[in-house]
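Undergrad: Below you'll find structure_21.cif; it's mmCIF, C-alpha atoms and all ligand atoms.
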data_structure
loop_
_atom_site.label_atom_id
_atom_site.label_comp_id
_atom_site.auth_asym_id
_atom_site.auth_seq_id
_atom_site.Cartn_x
_atom_site.Cartn_y
_atom_site.Cartn_z
CA MET Z 1 -29.73 -70.16 -50.51
CA SER Z 2 -26.07 -69.65 -51.49
CA PRO Z 3 -24.32 -72.60 -53.17
CA PRO Z 4 -22.02 -74.77 -51.03
CA VAL Z 5 -18.32 -73.96 -50.69
CA LEU Z 6 -16.23 -76.95 -51.74
CA SER Z 7 -13.09 -78.15 -50.02
CA ALA Z 8 -9.96 -77.27 -52.02
CA ASP Z 9 -8.21 -80.34 -50.63
CA ALA Z 10 -11.05 -82.58 -51.83
CA VAL Z 11 -10.99 -81.01 -55.32
CA VAL Z 12 -7.21 -81.35 -55.58
CA ALA Z 13 -7.38 -84.97 -54.37
CA ALA Z 14 -10.10 -85.71 -56.95
CA ALA Z 15 -7.94 -84.25 -59.74
CA ARG Z 16 -4.94 -86.28 -58.62
CA ALA Z 17 -7.09 -89.42 -58.51
CA CYS Z 18 -7.95 -88.67 -62.16
CA ARG Z 19 -4.20 -88.79 -62.94
CA PHE Z 20 -3.44 -85.09 -63.22
CA THR Z 21 0.11 -84.61 -61.94
CA LEU Z 22 0.03 -80.84 -61.59
CA VAL Z 23 -3.05 -79.38 -59.88
CA GLY Z 24 -3.79 -75.91 -58.54
CA VAL Z 25 -6.84 -73.77 -57.80
CA ALA Z 26 -7.43 -70.04 -58.27
CA PRO Z 27 -10.36 -67.67 -57.74
CA ALA Z 28 -12.12 -66.94 -61.07
CA ALA Z 29 -11.52 -63.16 -61.10
CA PRO Z 30 -11.14 -61.72 -64.64
CA LEU Z 31 -7.64 -61.63 -66.14
CA ASP Z 32 -5.75 -58.43 -66.95
CA PRO Z 33 -6.86 -57.85 -70.56
CA ALA Z 34 -3.83 -55.73 -71.55
CA PRO Z 35 -1.25 -58.39 -72.61
CA PHE Z 36 -3.72 -60.36 -74.73
CA LEU Z 37 -5.29 -57.29 -76.38
CA HIS Z 38 -1.81 -55.94 -77.15
CA TRP Z 39 -0.79 -59.30 -78.67
CA LEU Z 40 -3.84 -59.29 -80.94
CA ALA Z 41 -3.49 -55.61 -81.91
CA ALA Z 42 0.22 -55.99 -82.74
CA GLY Z 43 -0.63 -58.79 -85.19
CA TRP Z 44 1.45 -61.36 -83.29
CA GLY Z 45 -1.44 -63.82 -83.49
CA SER Z 46 -2.63 -62.86 -86.94
CA GLY Z 47 -2.29 -66.35 -88.46
CA LEU Z 48 -4.43 -67.86 -85.68
CA SER Z 49 -8.01 -66.88 -86.47
CA ALA Z 50 -9.51 -68.71 -83.47
CA MET Z 51 -7.58 -66.44 -81.10
CA HIS Z 52 -9.49 -63.41 -82.43
CA ARG Z 53 -12.88 -64.93 -81.61
CA ARG Z 54 -14.67 -64.90 -78.23
CA VAL Z 55 -12.12 -62.49 -76.74
CA ALA Z 56 -14.37 -61.47 -73.81
CA GLN Z 57 -14.78 -65.13 -72.79
CA ARG Z 58 -11.01 -65.69 -72.90
CA LEU Z 59 -10.49 -62.92 -70.39
CA ASP Z 60 -13.36 -63.55 -67.98
CA PRO Z 61 -14.48 -67.01 -66.82
CA GLY Z 62 -17.77 -65.39 -65.75
CA ALA Z 63 -18.51 -64.87 -69.45
CA ILE Z 64 -18.21 -68.64 -70.01
CA VAL Z 65 -19.87 -70.06 -66.89
CA PRO Z 66 -22.53 -67.86 -65.25
CA GLY Z 67 -21.53 -67.36 -61.62
CA ALA Z 68 -18.00 -68.73 -62.16
CA ARG Z 69 -16.12 -68.80 -58.85
CA SER Z 70 -13.02 -70.98 -59.25
CA VAL Z 71 -10.59 -72.26 -61.85
CA ILE Z 72 -8.84 -75.62 -61.51
CA ALA Z 73 -5.54 -75.69 -63.43
CA LEU Z 74 -4.30 -79.11 -64.49
CA GLY Z 75 -1.09 -80.45 -66.02
CA ILE Z 76 0.14 -83.73 -67.52
CA PRO Z 77 3.92 -84.10 -67.98
CA TYR Z 78 5.45 -85.57 -71.13
CA GLY Z 79 8.89 -85.94 -72.55
CA ALA Z 80 11.18 -85.37 -69.56
CA GLY Z 81 13.92 -87.97 -69.88
CA ASP Z 82 13.00 -88.47 -73.55
CA GLU Z 83 16.40 -87.76 -75.05
CA THR Z 84 15.59 -88.85 -78.61
CA ALA Z 85 15.94 -85.22 -79.67
CA SER Z 86 19.67 -85.58 -79.33
CA GLN Z 87 19.87 -88.41 -81.93
CA PRO Z 88 21.11 -86.51 -84.98
CA GLU Z 89 19.57 -88.85 -87.56
CA LEU Z 90 16.04 -88.07 -86.35
CA PRO Z 91 14.13 -84.98 -87.43
CA VAL Z 92 13.08 -82.87 -84.52
CA ILE Z 93 9.51 -83.71 -83.73
CA ALA Z 94 8.57 -81.57 -80.73
CA ARG Z 95 8.41 -83.71 -77.62
CA TYR Z 96 4.76 -82.97 -76.90
CA ALA Z 97 3.82 -84.39 -80.30
CA ARG Z 98 5.68 -87.70 -80.28
CA GLY Z 99 3.09 -89.69 -78.33
CA ARG Z 100 -0.64 -89.75 -77.67
CA ASP Z 101 -2.54 -86.55 -78.46
CA TYR Z 102 -2.59 -84.59 -75.20
CA HIS Z 103 -6.05 -83.23 -76.00
CA LEU Z 104 -7.40 -86.78 -75.63
CA ALA Z 105 -5.45 -87.38 -72.43
CA HIS Z 106 -6.79 -84.19 -70.82
CA ARG Z 107 -10.32 -84.77 -72.16
CA ASP Z 108 -10.59 -88.25 -70.65
CA ARG Z 109 -9.21 -87.16 -67.29
CA MET Z 110 -11.37 -84.02 -67.16
CA ARG Z 111 -14.48 -86.13 -67.84
CA ALA Z 112 -13.53 -88.30 -64.88
CA LEU Z 113 -12.89 -85.20 -62.75
CA ARG Z 114 -16.27 -83.74 -63.68
CA ARG Z 115 -17.97 -86.96 -62.55
CA ARG Z 116 -16.18 -86.72 -59.19
CA LEU Z 117 -17.15 -83.06 -58.76
CA LEU Z 118 -20.79 -83.98 -59.47
CA GLU Z 119 -20.58 -86.62 -56.73
CA MET Z 120 -19.41 -83.88 -54.32
CA ASP Z 121 -22.07 -81.41 -55.48
CA PRO Z 122 -24.72 -82.64 -57.98
CA THR Z 123 -25.61 -79.15 -59.25
CA VAL Z 124 -22.09 -77.82 -59.92
CA ASN Z 125 -21.60 -76.29 -63.39
CA THR Z 126 -18.29 -76.85 -65.15
CA TYR Z 127 -16.49 -75.67 -68.31
CA ALA Z 128 -13.50 -77.71 -69.43
CA CYS Z 129 -10.85 -76.32 -71.77
CA VAL Z 130 -7.84 -77.95 -73.31
CA ASP Z 131 -6.02 -75.80 -75.85
CA ALA Z 132 -8.76 -75.02 -78.38
CA GLY Z 133 -11.33 -73.81 -75.83
CA VAL Z 134 -11.61 -70.25 -74.61
CA ALA Z 135 -9.35 -70.11 -71.57
CA MET Z 136 -5.86 -68.67 -71.30
CA GLU Z 137 -4.38 -71.75 -69.75
CA LYS Z 138 -0.93 -70.42 -68.86
CA ALA Z 139 -2.32 -67.36 -67.11
CA TRP Z 140 -4.62 -69.58 -65.01
CA ALA Z 141 -1.89 -72.08 -64.27
CA GLU Z 142 0.36 -69.24 -63.07
CA ARG Z 143 -2.44 -67.87 -60.87
CA ALA Z 144 -3.11 -71.34 -59.47
CA GLY Z 145 0.55 -71.75 -58.51
CA LEU Z 146 1.58 -74.50 -60.99
CA GLY Z 147 4.54 -72.48 -62.22
CA TRP Z 148 5.33 -69.22 -64.00
CA ILE Z 149 5.18 -67.93 -67.56
CA GLY Z 150 8.81 -68.00 -68.64
CA LYS Z 151 10.40 -65.45 -70.93
CA HIS Z 152 9.90 -68.02 -73.72
CA GLY Z 153 6.12 -67.78 -73.21
CA VAL Z 154 5.69 -71.31 -71.82
CA LEU Z 155 4.75 -72.24 -68.25
CA VAL Z 156 7.69 -73.54 -66.21
CA SER Z 157 7.47 -75.52 -62.99
CA ARG Z 158 10.39 -75.90 -60.60
CA GLN Z 159 9.67 -79.64 -60.41
CA HIS Z 160 8.71 -80.55 -63.99
CA GLY Z 161 10.47 -77.92 -66.06
CA SER Z 162 8.17 -76.97 -68.94
CA TRP Z 163 7.55 -80.45 -70.38
CA PHE Z 164 3.85 -80.64 -69.55
CA THR Z 165 0.57 -79.73 -71.20
CA LEU Z 166 -2.25 -77.83 -69.54
CA SER Z 167 -6.00 -77.76 -69.26
CA VAL Z 168 -8.36 -75.79 -67.03
CA MET Z 169 -11.80 -76.35 -65.56
CA VAL Z 170 -14.00 -73.41 -64.54
CA ILE Z 171 -16.63 -74.14 -61.86
CA ASP Z 172 -19.43 -72.09 -60.33
CA ARG Z 173 -18.45 -72.95 -56.76
CA SER Z 174 -16.13 -71.21 -54.34
CA LEU Z 175 -13.42 -73.24 -52.61
CA ASP Z 176 -12.42 -72.89 -48.97
CA ARG Z 177 -8.87 -71.85 -49.96
CA TYR Z 178 -6.80 -71.12 -53.07
CA HIS Z 179 -3.17 -71.51 -54.08
CA GLN Z 180 -0.96 -68.44 -54.31
CA PRO Z 181 0.04 -67.20 -57.79
CA HIS Z 182 3.53 -68.44 -58.65
CA PRO Z 183 6.29 -65.80 -58.71
CA ARG Z 184 8.26 -65.47 -61.96
CA LEU Z 185 11.72 -66.97 -61.42
CA CYS Z 186 13.54 -66.20 -64.68
CA GLY Z 187 15.58 -63.43 -63.08
CA ASP Z 188 18.11 -61.97 -65.52
CA CYS Z 189 18.41 -65.19 -67.56
CA ASP Z 190 17.68 -64.79 -71.29
CA LEU Z 191 18.96 -68.10 -72.69
CA CYS Z 192 15.65 -68.97 -74.39
CA LEU Z 193 15.35 -65.54 -76.01
CA ARG Z 194 18.83 -65.85 -77.49
CA ALA Z 195 18.29 -69.46 -78.63
CA CYS Z 196 15.24 -68.84 -80.83
CA PRO Z 197 16.36 -69.39 -84.45
CA THR Z 198 13.86 -66.91 -85.92
CA GLY Z 199 13.82 -64.10 -83.34
CA ALA Z 200 10.16 -64.81 -82.53
CA PHE Z 201 10.14 -62.90 -79.20
CA PRO Z 202 9.18 -59.23 -79.71
CA LEU Z 203 9.31 -58.88 -75.90
CA PRO Z 204 10.28 -61.27 -73.12
CA GLY Z 205 7.35 -63.61 -72.40
CA VAL Z 206 5.60 -62.76 -75.68
CA VAL Z 207 5.69 -64.78 -78.92
CA ASP Z 208 5.05 -63.49 -82.44
CA ALA Z 209 3.31 -66.60 -83.75
CA ARG Z 210 4.01 -65.62 -87.37
CA LEU Z 211 7.73 -66.13 -86.76
CA CYS Z 212 7.41 -69.20 -84.55
CA LEU Z 213 8.39 -72.50 -86.18
CA SER Z 214 5.86 -74.31 -84.04
CA CYS Z 215 3.08 -72.24 -85.60
CA GLN Z 216 4.47 -72.57 -89.12
CA THR Z 217 4.91 -76.36 -89.04
CA VAL Z 218 1.64 -77.16 -87.25
CA GLU Z 219 -0.94 -74.48 -88.05
CA ASN Z 220 0.14 -73.21 -91.50
CA HIS Z 221 -1.39 -75.41 -94.20
CA GLU Z 222 0.04 -73.40 -97.09
CA SER Z 223 3.66 -72.73 -98.10
CA ILE Z 224 6.07 -71.71 -95.34
CA PRO Z 225 7.64 -68.25 -95.88
CA VAL Z 226 11.06 -68.55 -97.55
CA ALA Z 227 12.74 -66.39 -94.89
CA LEU Z 228 11.94 -69.00 -92.20
CA ARG Z 229 12.90 -72.12 -94.15
CA ALA Z 230 16.60 -72.32 -93.36
CA ALA Z 231 15.72 -72.51 -89.65
CA LEU Z 232 13.62 -75.60 -90.37
CA ALA Z 233 16.63 -77.75 -91.24
CA GLY Z 234 16.17 -81.00 -89.32
CA ARG Z 235 12.80 -79.92 -87.85
CA ALA Z 236 9.65 -81.69 -89.03
CA PHE Z 237 6.89 -80.79 -86.53
CA GLY Z 238 6.78 -78.18 -83.77
CA CYS Z 239 9.84 -76.64 -82.14
CA ASP Z 240 11.44 -77.10 -78.73
CA VAL Z 241 14.54 -74.91 -79.13
CA CYS Z 242 13.58 -72.26 -76.55
CA GLN Z 243 12.53 -74.91 -74.03
CA GLU Z 244 15.68 -76.99 -74.60
CA ALA Z 245 17.71 -73.87 -73.73
CA CYS Z 246 16.03 -73.44 -70.35
CA PRO Z 247 18.08 -74.44 -67.28
CA TYR Z 248 14.88 -75.56 -65.53
CA ASN Z 249 14.57 -78.31 -68.16
CA HIS Z 250 17.96 -79.81 -67.53
CA SER Z 251 18.38 -83.21 -65.84
CA GLY Z 252 16.82 -84.57 -62.69
CA LEU Z 253 13.18 -84.04 -63.77
CA PRO Z 254 10.67 -86.76 -62.90
CA PRO Z 255 9.70 -88.89 -65.93
CA GLY Z 256 6.68 -87.89 -68.03
CA ASP Z 257 3.37 -89.75 -68.03
CA PRO Z 258 4.09 -93.18 -69.58
CA ARG Z 259 0.92 -92.95 -71.71
CA GLN Z 260 2.45 -89.94 -73.49
CA ALA Z 261 5.57 -91.94 -74.49
CA PRO Z 262 6.75 -91.65 -78.13
CA ARG Z 263 5.02 -93.65 -80.87
CA PRO Z 264 6.66 -94.84 -84.13
CA LEU Z 265 5.79 -91.72 -86.19
CA GLY Z 266 7.30 -89.49 -83.48
CA LEU Z 267 10.65 -91.22 -83.92
CA MET Z 268 10.71 -91.57 -87.70
CA SER Z 269 13.45 -90.09 -89.89
CA ALA Z 270 12.62 -87.13 -92.13
CA ALA Z 271 13.32 -89.20 -95.26
CA LYS Z 272 10.82 -91.82 -94.08
CA ILE Z 273 8.18 -89.21 -93.23
CA ALA Z 274 8.71 -87.57 -96.62
CA THR Z 275 7.84 -90.78 -98.45
CA LEU Z 276 4.90 -91.99 -96.34
CA THR Z 277 1.83 -93.04 -98.33
CA ARG Z 278 -1.43 -91.38 -97.37
CA ASP Z 279 -2.69 -94.64 -95.79
CA GLU Z 280 0.48 -94.97 -93.72
CA PHE Z 281 0.15 -91.35 -92.57
CA ILE Z 282 -3.48 -91.86 -91.53
CA ARG Z 283 -2.69 -95.05 -89.62
CA LEU Z 284 0.46 -93.76 -87.90
CA SER Z 285 -0.73 -90.25 -87.05
CA ALA Z 286 -4.16 -91.28 -85.69
CA GLY Z 287 -4.50 -90.20 -82.06
CA THR Z 288 -1.28 -88.12 -82.12
CA PRO Z 289 -0.88 -84.33 -82.45
CA MET Z 290 0.92 -84.88 -85.77
CA ALA Z 291 -2.39 -85.56 -87.50
CA ARG Z 292 -3.04 -81.81 -87.27
CA ALA Z 293 -0.44 -80.90 -89.91
CA GLY Z 294 -2.24 -83.13 -92.42
CA TYR Z 295 -0.61 -85.47 -94.95
CA HIS Z 296 0.65 -82.72 -97.24
CA GLY Z 297 1.66 -80.38 -94.41
CA LEU Z 298 3.80 -83.01 -92.69
CA ARG Z 299 5.53 -84.04 -95.94
CA ARG Z 300 6.12 -80.35 -96.75
CA ASN Z 301 7.80 -80.00 -93.35
CA ALA Z 302 9.86 -83.15 -93.91
CA ALA Z 303 11.02 -81.81 -97.29
CA LEU Z 304 12.21 -78.57 -95.68
CA ALA Z 305 13.80 -80.55 -92.82
CA LEU Z 306 15.84 -82.47 -95.42
CA GLY Z 307 17.18 -79.35 -97.14
CA SER Z 308 20.46 -79.38 -95.25
CA ASP Z 309 20.87 -83.18 -95.45
CA ALA Z 310 23.37 -84.20 -98.14
CA ARG Z 311 22.91 -87.97 -97.73
CA PRO Z 312 21.77 -89.90 -100.83
CA SER Z 313 18.61 -91.14 -99.06
CA ALA Z 314 17.60 -87.52 -98.37
CA ARG Z 315 18.31 -86.40 -101.94
CA ALA Z 316 16.29 -89.38 -103.32
CA ALA Z 317 13.32 -88.54 -101.08
CA LEU Z 318 13.46 -84.90 -102.21
CA GLU Z 319 13.61 -85.90 -105.92
CA GLN Z 320 10.48 -87.98 -105.38
CA LEU Z 321 8.66 -85.17 -103.56
CA SER Z 322 9.65 -82.55 -106.13
CA ARG Z 323 7.22 -84.29 -108.52
CA ASP Z 324 4.44 -84.58 -105.92
CA ALA Z 325 0.86 -83.73 -106.89
CA SER Z 326 0.52 -81.37 -103.90
CA PRO Z 327 1.92 -77.94 -104.84
CA ILE Z 328 3.00 -77.16 -101.25
CA VAL Z 329 5.00 -80.40 -101.13
CA SER Z 330 6.60 -80.20 -104.59
CA GLU Z 331 7.51 -76.53 -104.15
CA ALA Z 332 9.10 -77.20 -100.73
CA ALA Z 333 11.10 -80.14 -102.14
CA GLN Z 334 12.33 -78.09 -105.12
CA TRP Z 335 13.44 -75.36 -102.72
CA ALA Z 336 15.19 -77.94 -100.51
CA LEU Z 337 17.03 -79.46 -103.50
CA GLY Z 338 18.52 -76.03 -104.13
CA TYR Z 339 19.36 -75.45 -100.43
CA GLY Z 340 22.71 -73.75 -99.94
CA LYS Z 341 23.28 -73.24 -103.70
C1 LIG N 401 -1.85 -69.60 -79.41
C2 LIG N 401 -0.97 -70.70 -78.84
C3 LIG N 401 0.28 -70.89 -79.41
C4 LIG N 401 0.86 -69.93 -80.44
C5 LIG N 401 1.39 -68.67 -79.67
C6 LIG N 401 2.33 -69.03 -78.50
C7 LIG N 401 2.15 -68.19 -77.26
N1 LIG N 401 3.16 -68.31 -76.39
O1 LIG N 401 1.19 -67.49 -77.07
C8 LIG N 401 1.93 -70.83 -81.12
C9 LIG N 401 1.27 -71.56 -82.28
C10 LIG N 401 3.18 -70.10 -81.61
C11 LIG N 401 2.20 -71.85 -80.02
C12 LIG N 401 3.38 -72.57 -79.92
C13 LIG N 401 3.64 -73.46 -78.90
N2 LIG N 401 2.76 -73.93 -78.00
CO1 LIG N 401 0.96 -73.22 -77.80
N3 LIG N 401 -0.74 -72.52 -77.33
C14 LIG N 401 -1.41 -71.51 -77.76
C15 LIG N 401 -2.74 -71.39 -77.00
C16 LIG N 401 -3.87 -72.00 -77.85
C17 LIG N 401 -3.14 -69.97 -76.58
C18 LIG N 401 -1.98 -69.16 -75.97
C19 LIG N 401 -2.35 -67.69 -75.89
O2 LIG N 401 -3.39 -67.35 -75.36
N4 LIG N 401 -1.47 -66.83 -76.45
C20 LIG N 401 -1.70 -65.40 -76.48
C21 LIG N 401 -0.77 -64.77 -75.46
C22 LIG N 401 -0.94 -63.25 -75.42
O3 LIG N 401 -1.20 -65.28 -74.22
P1 LIG N 401 -0.20 -65.70 -73.06
O4 LIG N 401 1.09 -66.17 -73.63
O5 LIG N 401 -0.92 -66.55 -72.07
O6 LIG N 401 -0.01 -64.25 -72.46
C23 LIG N 401 0.72 -64.07 -71.32
C24 LIG N 401 2.14 -63.61 -71.56
O7 LIG N 401 2.17 -62.70 -72.65
C25 LIG N 401 2.39 -62.98 -70.25
N5 LIG N 401 3.25 -61.82 -70.31
C26 LIG N 401 2.95 -60.58 -70.71
N6 LIG N 401 4.00 -59.79 -70.56
C27 LIG N 401 5.00 -60.55 -70.03
C28 LIG N 401 6.28 -60.23 -69.67
C29 LIG N 401 7.11 -61.23 -69.14
C30 LIG N 401 8.52 -60.89 -68.76
C31 LIG N 401 6.64 -62.56 -68.98
C32 LIG N 401 7.51 -63.64 -68.45
C33 LIG N 401 5.30 -62.88 -69.37
C34 LIG N 401 4.52 -61.85 -69.88
O8 LIG N 401 1.14 -62.54 -69.72
C35 LIG N 401 0.12 -62.88 -70.60
C36 LIG N 401 -1.17 -63.15 -69.90
O9 LIG N 401 -1.04 -64.15 -68.94
C37 LIG N 401 -2.43 -72.25 -75.72
C38 LIG N 401 -3.65 -72.99 -75.14
C39 LIG N 401 -4.55 -72.07 -74.36
N7 LIG N 401 -5.85 -72.20 -74.62
O10 LIG N 401 -4.10 -71.28 -73.56
C40 LIG N 401 -1.35 -73.22 -76.24
C41 LIG N 401 -0.21 -73.58 -75.28
C42 LIG N 401 0.30 -72.31 -74.66
N8 LIG N 401 0.83 -74.11 -76.17
C43 LIG N 401 1.53 -75.07 -75.66
C44 LIG N 401 2.67 -75.63 -76.26
C45 LIG N 401 3.18 -76.96 -75.68
C46 LIG N 401 3.30 -74.99 -77.32
C47 LIG N 401 4.69 -75.32 -77.89
C48 LIG N 401 5.71 -75.62 -76.81
C49 LIG N 401 4.56 -76.52 -78.88
C50 LIG N 401 5.87 -76.95 -79.55
N9 LIG N 401 6.77 -77.58 -78.86
O11 LIG N 401 6.02 -76.76 -80.73
C51 LIG N 401 5.02 -74.02 -78.67
C52 LIG N 401 5.81 -73.03 -77.80
C53 LIG N 401 6.08 -71.73 -78.46
C54 LIG N 401 6.32 -70.63 -77.40
N10 LIG N 401 7.58 -70.27 -77.21
O12 LIG N 401 5.35 -70.17 -76.75
C55 LIG N 401 1.04 -75.42 -74.27
C56 LIG N 401 2.03 -74.86 -73.24
C57 LIG N 401 2.20 -75.74 -72.00
C58 LIG N 401 3.07 -75.03 -71.01
N11 LIG N 401 3.87 -75.78 -70.26
O13 LIG N 401 3.05 -73.84 -70.91
C59 LIG N 401 -0.40 -74.76 -74.26
C60 LIG N 401 -0.86 -74.25 -72.91
C61 LIG N 401 -1.36 -75.83 -74.81
C62 LIG N 401 -1.74 -76.87 -73.76
N12 LIG N 401 -3.04 -77.08 -73.57
O14 LIG N 401 -0.92 -77.45 -73.12
N13 LIG N 401 1.14 -71.92 -79.16
S1 LIG N 402 9.22 -72.64 -80.41
FE1 LIG N 402 11.11 -72.34 -81.67
S2 LIG N 402 10.59 -70.73 -83.14
FE2 LIG N 402 8.97 -70.72 -81.54
S3 LIG N 402 9.66 -69.19 -80.06
FE3 LIG N 402 10.51 -71.16 -79.33
S4 LIG N 402 12.55 -71.32 -80.31
FE4 LIG N 402 11.44 -69.69 -81.36
S1 LIG N 403 15.69 -70.01 -70.32
FE1 LIG N 403 15.92 -68.56 -68.63
S2 LIG N 403 14.64 -66.80 -69.22
FE2 LIG N 403 14.01 -68.52 -70.50
S3 LIG N 403 12.28 -69.46 -69.41
FE3 LIG N 403 14.12 -70.55 -68.76
S4 LIG N 403 14.79 -69.46 -66.92
FE4 LIG N 403 13.34 -68.11 -67.94
#
The structure in this file should be written as structure tokens.

TA:
Amino acid sequence: MSPPVLSADAVVAAARACRFTLVGVAPAAPLDPAPFLHWLAAGWGSGLSAMHRRVAQRLDPGAIVPGARSVIALGIPYGAGDETASQPELPVIARYARGRDYHLAHRDRMRALRRRLLEMDPTVNTYACVDAGVAMEKAWAERAGLGWIGKHGVLVSRQHGSWFTLSVMVIDRSLDRYHQPHPRLCGDCDLCLRACPTGAFPLPGVVDARLCLSCQTVENHESIPVALRAALAGRAFGCDVCQEACPYNHSGLPPGDPRQAPRPLGLMSAAKIATLTRDEFIRLSAGTPMARAGYHGLRRNAALALGSDARPSARAALEQLSRDASPIVSEAAQWALGYGK
């Protein structure tokens, strides 16, 4: 007997009831492998070892869930209307990272969604992915009509701009209808490509992670290459420059999810971050994306962020860090003390 076909409207309503703001559904046909294989082969993801593993599963939901039929793409908005980035005394902490860790937000809501799907069909099989799992979330979100992959490599929605995070759920059930893939609406705009401070776009829509400040400040736990350091002035974790440049992110967006609102560490000055004790870092970063950089990584970033800051408080923080026991922190602070000389 063939498995039941579920109602798309019922699945979308269940996801909305679980507090996903953006919801779309797509058939689970394999993705075009060419862009991802090219990205790997060109070395644009070479610092990200996880991206080189389980490649077949990333491209074909059927390799993750036997009999996969549908993909539910899900989004939670953050940061629209959060204008703290424009306060010059604050280091730029990327908006997604200022509040609760989005992995936890998606995980909790996807667990609730799975329970609802099991109520509809007790034998349905699911695979849930947020970020670290093996699904190409932007490609699925584009197919499921949530928005389009912009030339800056981030998914953009007409309604929410690009200030939202994604997750996907693969299920082994067909739905009675699917959303249309979203057309790409960038046209001849190239504002994001021109705004990137490190030239991290080898092609429109494609990011060389090695040159991306988001990758360097979050995923790199060693020293940051000297050639990229000047661009880190005033930037302590992640990077939003290409998204800030996008006209679809300007004014009139609905507010983000209140549970993703900034927490104290997300609004702290670079000098304060630079001089956090380990206990303070652990307490303040718990449950936020900033924990990922680690104590030394975040203070290394703060040191580089302070390089262009001539204020006495910044110089004092750098003097202190230049004697730090962590070599990545002391080396970054020594470099920052010599900034511009
Ligand atoms: C690896 C990764 C990174 C890498 C590489 C970035 C990238 N764009 O690939 C680094 C560490 C640099 C990074 C940075 C950031 N990331 Co990230 N990252 C991922 C991750 C884990 C995988 C992405 C991936 O598969 N990349 C490989 C490339 C080849 O895949 P792709 O971009 O989907 O490939 C498509 C494009 O190349 C496109 N394409 C090909 N040719 C062309 C041509 C044109 C003209 C166009 C428009 C498109 C296009 O087609 C491909 C297939 O669909 C996803 C989570 C996930 N599991 O999907 C999060 C994810 C993409 N990241 C996210 C975020 C928030 C960020 C940052 C904004 C964080 C920050 N503020 O600091 C930055 C943005 C940097 C940027 N400009 O992309 C969100 C994006 C949410 C959204 N609205 O899209 C995701 C989805 C995480 C999540 N669960 O929410 N990230
Ligand atoms: S996040 Fe920053 S460094 Fe990375 S591509 Fe966008 S503008 Fe460039
Ligand atoms: S800035 Fe322009 S090119 Fe870049 S994502 Fe936005 S609309 Fe597309």

Undergrad: Just want the residues within 7 Å of ligand LIG 402 (chain N), written as a list of chain:residue names, counting all atoms listed in the file.

TA: Z:His152, Z:Ala195, Z:Cys196, Z:Pro197, Z:Thr198, Z:Gly199, Z:Ala200, Z:Phe201, Z:Val207, Z:Leu211, Z:Cys212, Z:Leu213, Z:Ser214, Z:Gly238, Z:Cys239, Z:Asp240, Z:Val241, Z:Cys242, Z:Gln243

Undergrad: So, counting all atoms listed in the file, which residue among Z:Arg114, Z:Arg173, Z:Ala97, Z:Gln159 is closest to Gly67 in chain Z?

TA: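 Residue with the minimum atom-to-atom distance to Gly67 in chain Z: Z:Arg173.
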
Undergrad: Find the residues around Ala26 in chain Z up to 6 Å (all atoms listed in the file counted), leave out those fewer than 5 positions away in its own chain, and share them as a list in words.

TA: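 Contacts, in chain order: Ser70, Val71, Ala144 and Tyr178 of chain Z.
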
Undergrad: Figure out the distance between CA of Gly205 in chain Z and CA of Ala139 in chain Z, please, to one decimal in Å.

TA: 11.6 Å

Undergrad: Which distance in Å separates CA of Ala236 in chain Z and CA of Trp148 in chain Z, to one decimal?

TA: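 A separation of 28.3 Å between them.
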
Undergrad: Write out as a list of chain:residue names the residues lying within 8 Å of range 104-106 of chain Z, counting only C-alpha atoms and excluding same-chain residues fewer than 5 positions away.

TA: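 The filter keeps Z:Ile76, Z:Val130, Z:Leu166, Z:Ser167, Z:Gly287.
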
Undergrad: Considering only C-alpha atoms and all ligand atoms, give me a table of residues in chain Z that are at most 10 Å from ligand LIG 403 (chain N), with the closest atom pair and distance in Å for each, as CSV.

TA:
residue,atom,partner,partner_atom,distance
Z:Trp148,CA,N:LIG403,S3,8.8
Z:Ile149,CA,N:LIG403,S3,7.5
Z:Gly150,CA,N:LIG403,S3,3.8
Z:Lys151,CA,N:LIG403,S3,4.7
Z:His152,CA,N:LIG403,S3,5.1
Z:Gly153,CA,N:LIG403,S3,7.4
Z:Val154,CA,N:LIG403,S3,7.3
Z:Leu155,CA,N:LIG403,S3,8.1
Z:Val156,CA,N:LIG403,S3,6.9
Z:Gly161,CA,N:LIG403,FE3,8.7
Z:Ser162,CA,N:LIG403,S3,8.6
Z:Arg184,CA,N:LIG403,FE4,8.3
Z:Leu185,CA,N:LIG403,S4,6.8
Z:Cys186,CA,N:LIG403,FE4,3.8
Z:Gly187,CA,N:LIG403,S2,7.1
Z:Asp188,CA,N:LIG403,S2,7.0
Z:Cys189,CA,N:LIG403,FE1,4.3
Z:Asp190,CA,N:LIG403,S2,4.2
Z:Leu191,CA,N:LIG403,S1,4.5
Z:Cys192,CA,N:LIG403,S1,4.2
Z:Leu193,CA,N:LIG403,FE2,6.4
Z:Arg194,CA,N:LIG403,S1,8.9
Z:Ala195,CA,N:LIG403,S1,8.7
Z:Pro204,CA,N:LIG403,S2,8.0
Z:Gly205,CA,N:LIG403,S3,8.2
Z:Cys242,CA,N:LIG403,S1,7.0
Z:Gln243,CA,N:LIG403,S1,6.9
Z:Glu244,CA,N:LIG403,S1,8.2
Z:Ala245,CA,N:LIG403,S1,5.5
Z:Cys246,CA,N:LIG403,S1,3.4
Z:Pro247,CA,N:LIG403,FE3,5.7
Z:Tyr248,CA,N:LIG403,FE3,6.0
Z:Asn249,CA,N:LIG403,FE3,7.8

Undergrad: Which residue gives the smallest distance to ligand LIG 401 (chain N) among Z:Glu280, Z:Asp32, Z:Asp176, Z:Asp309, with all atoms listed in the file counted?

TA: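 Counting all atoms listed in the file, the residue closest to ligand LIG 401 (chain N) is Z:Asp32.
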